[in-house]
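Visitor: First, the structure itself, so that you have it in front of you.
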Amino acid sequence: MVIPDYNTETMATRPSAEQARLLEQRLDRRTGALRRLSRRSAFWASTALAEFIVRLIELCVALFITIFLFVPVLLARLIIRRPTGKPVFESKTIFGHSGKPLRVLNFAGLSGWISRLPLFLELFTGRLALAGTTIREWQPVSPDAGQGYVSMVKPGIVSLWDIRKSSKIGHEGREATEWEYIFRKRPLYDFLLMLRALPVMLFAEHEVAESPVFQLLDQKIDNITMREAIGMMQESLRQKSQSVIFFVNPDCMNKSVTDQNYRKALRVADHLLPDGIGLVIAGKMLGTPLRENINGTDMLPWLCTMAVEENVSIFLVGGKPGIAEKAASALEQRYGVSIAGTAHGYFDHQSETGSHEVIETINNSKASILLVAFGAPLQERWIARHRNELHPKILMGVGGLFDFFSGNIKRAPRWIREIGLEWVYRLMQEPSRMWKRYVIGNPLFLYRVVKWKIVSRSFNR
């Protein structure tokens, strides 16, 4: 065996493959460490810059509000209230940063956003933010981990919960909405949140007592929350009692004035539910604020969840051929609900033969919940006429609901719904079909609300 004659100096100076690999790893670690350090530095620098910009915006807004709104209102209140000895301000204690009690001032004797103008002075102190979690009155409570984390975010004059509460679509509740805000909180998100708050001020309401029934244009509308509406249907299923449920929006109310048969059909319903920002505005005009804006599109996920819990199935009838099937498939995949069957709405609704075949299919499916999407007023009149023949316990008219869940029509993003402009989005989607309903119908509805308010007040005197 011949042993190669290696030069010792060459062995010492020429790196082996293993040495090269180790050297490469050391260099990679150093480069990686530098990259991580640079990324961390960039992150902290960008965060500090964003916080500086947010703080600068807050101070500018506080200065503007103080000069052009707070000071004039303060002078007016001093002139009006000081001679009578009435206080200009009233104080209250709220949850501050980290859940600590914080004493703030409001204008006494005023309501709405004007009474909250003194809060903008707290932007100078930094104890409140322009956008943050909702302001809550202080009360001693037991420590809660979830709420404790929420309280770590500074409360804001503008909050996501306040916006949704004003537009009546905060169906998830305050705590869930607060968590959503925390997860989405960014300087840009806060800026957009403040922009959303401006139109919401137009239909925000003062704190007044809520009535369980909202009377409008001779119709009695249930003034309940989404959770209560679902609970009501759940109780009907458990008691095996049939309930007819219709939604009413401004277009429905306009039709009820001119269509006597439709008006009678609405009165057959066990429950009328308010649908749309128009009903919210009407409630404000009449001094009967709605608790929530309940519409079929928002309700359907809740209804499906309840159906799964109660182990009952749903039948979908209505829409163009194929639309109900697509909606059913989407609901099954998304919510795991059992769909007993589907049928399109293109049959002769006036013919007893055509309706009988559909009713027989529905009854044979053993479905407990029936969603009818013929559009108003046809769906309401059809349900009212055939109520006693239908076996499902929940009979509900849902308009164009299937189009949204089938993907046939895209629904407005939630931020548009939060500011009450979903109708504008629908108008842009289908201008030729929707212009009369919204451009003419909405002002006509508000006119009728004002007229009804005057007439009803005169009658009650």
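In the structure tokens, each chain is lettered A, B, ... as it comes, each chain's residues begin at 1, and ligands are numbered from 1 in order of appearance.
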Mind checking which residues fall within 10 Å of range 179-195 of chain A, counting only C-alpha atoms, ignoring those fewer than 6 positions away in the same chain, and posting them as a ChimeraX atom specification?

Guide: /A:47,50-51,53-54,57,130-133,146-147,149-150,152-153,157-161,163,415,419

Visitor: Kindly provide the residues of range 127-238 of chain A that approach range 435-450 of chain A to within 12 Å, each paired with its closest atom pair and their distance in Å to one decimal, based on only C-alpha atoms, listed by chain and increasing number, as a Markdown table.

Guide:
```
| residue | atom | partner | partner_atom | distance |
| --- | --- | --- | --- | --- |
| A:Gln215 | CA | A:Val449 | CA | 10.7 |
| A:Leu216 | CA | A:Val449 | CA | 7.5 |
| A:Leu217 | CA | A:Val449 | CA | 7.2 |
| A:Asp218 | CA | A:Val449 | CA | 10.9 |
```

Visitor: Neighbours of Gln139 in chain A within 12 Å (only C-alpha atoms; same-chain residues fewer than 5 positions away dropped), as a list in words?

Guide: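 Listing them by chain and then by number gives Lys92, Thr93, Ile94, Phe95, Gly96, Gly99, Lys100, Pro101 and Leu102 of chain A.
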
Visitor: What is the CA of Thr66 in chain A to CA of Thr177 in chain A distance in Å?

Guide: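 Value for the CA of Thr66 in chain A-CA of Thr177 in chain A distance: 29.8 Å.
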
Visitor: Report as a list in words all protein, DNA and RNA residues lying within 12 Å of Met434 in chain A, evaluated on only C-alpha atoms, omitting residues in the same chain fewer than 6 positions from it.

Guide: Asp251, Trp423, Val424, Tyr425, Arg426, Leu427, Met428, Ile440, Gly441 and Asn442 of chain A

Visitor: Grab the CA of Leu316 in chain A to CA of Leu371 in chain A distance for me, in Å with one decimal place.

Guide: 5.1 Å

Visitor: If we count only C-alpha atoms, what is near range 211-214 of chain A at a cut-off of 10 Å, once residues fewer than 6 positions away on the same chain are taken out, given as a ChimeraX atom specification?

Guide: /A:220-224,272-274,279,282-283,286-291

Visitor: Show which residues sit within 12 Å of Phe374 in chain A, as a ChimeraX atom specification. Count only C-alpha atoms, and ignore same-chain residues fewer than 4 positions away.

Guide: /A:316-320,324,343-349,378-383,396-403

Visitor: Keeping C-alpha atoms, export the residues of the selection given above as a PDB file, in the first residue's frame.

Guide:
```pdb
ATOM      1  CA  LEU A 316     -84.477  27.246   0.260  1.00  0.00           C
ATOM      2  CA  VAL A 317     -87.089  28.265  -2.313  1.00  0.00           C
ATOM      3  CA  GLY A 318     -86.763  31.214  -4.673  1.00  0.00           C
ATOM      4  CA  GLY A 319     -84.381  32.949  -7.029  1.00  0.00           C
ATOM      5  CA  LYS A 320     -83.507  32.089 -10.594  1.00  0.00           C
ATOM      6  CA  ALA A 324     -80.812  28.391  -4.505  1.00  0.00           C
ATOM      7  CA  ALA A 343     -86.411  24.958  -5.471  1.00  0.00           C
ATOM      8  CA  HIS A 344     -86.277  27.959  -7.789  1.00  0.00           C
ATOM      9  CA  GLY A 345     -88.927  30.630  -7.636  1.00  0.00           C
ATOM     10  CA  TYR A 346     -89.891  30.643 -11.308  1.00  0.00           C
ATOM     11  CA  PHE A 347     -93.273  28.966 -11.128  1.00  0.00           C
ATOM     12  CA  ASP A 348     -96.829  30.266 -11.321  1.00  0.00           C
ATOM     13  CA  HIS A 349     -97.361  31.622  -7.818  1.00  0.00           C
ATOM     14  CA  LEU A 378     -94.780  38.421  -3.648  1.00  0.00           C
ATOM     15  CA  GLN A 379     -93.062  36.292  -0.985  1.00  0.00           C
ATOM     16  CA  GLU A 380     -95.132  37.756   1.862  1.00  0.00           C
ATOM     17  CA  ARG A 381     -98.414  37.289   0.038  1.00  0.00           C
ATOM     18  CA  TRP A 382     -97.463  33.702  -0.909  1.00  0.00           C
ATOM     19  CA  ILE A 383     -96.521  32.765   2.664  1.00  0.00           C
ATOM     20  CA  MET A 396     -89.367  33.571   6.538  1.00  0.00           C
ATOM     21  CA  GLY A 397     -89.379  35.932   3.555  1.00  0.00           C
ATOM     22  CA  VAL A 398     -85.797  36.803   2.682  1.00  0.00           C
ATOM     23  CA  GLY A 399     -85.865  38.798  -0.581  1.00  0.00           C
ATOM     24  CA  GLY A 400     -82.593  38.620  -2.546  1.00  0.00           C
ATOM     25  CA  LEU A 401     -80.710  36.727   0.145  1.00  0.00           C
ATOM     26  CA  PHE A 402     -79.752  33.786  -2.073  1.00  0.00           C
ATOM     27  CA  ASP A 403     -78.066  36.063  -4.599  1.00  0.00           C
TER      28      ASP A 403
END
```

Visitor: Using CA of Gly296 in chain A and CA of Ile314 in chain A as the two end points, give the distance in Å to one decimal.

Guide: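 According to the coordinates, CA of Gly296 in chain A and CA of Ile314 in chain A are separated by 14.4 Å.
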
Visitor: For Arg417 in chain A, please output as a PyMOL selection string all residues within 9 Å (counting only C-alpha atoms; exclusion window: fewer than 5 positions along the same chain).

Guide: chain A and resi 167+169+277+412+422-423

Visitor: To test your reading of the structure, identify every residue in range 60-211 of chain A that backbone DSSP assigns to helix (DSSP H, G or I), and report it as a ChimeraX atom specification.

Guide: /A:60-81,97-99,112-125,145-150,160-167,174-184,187-200
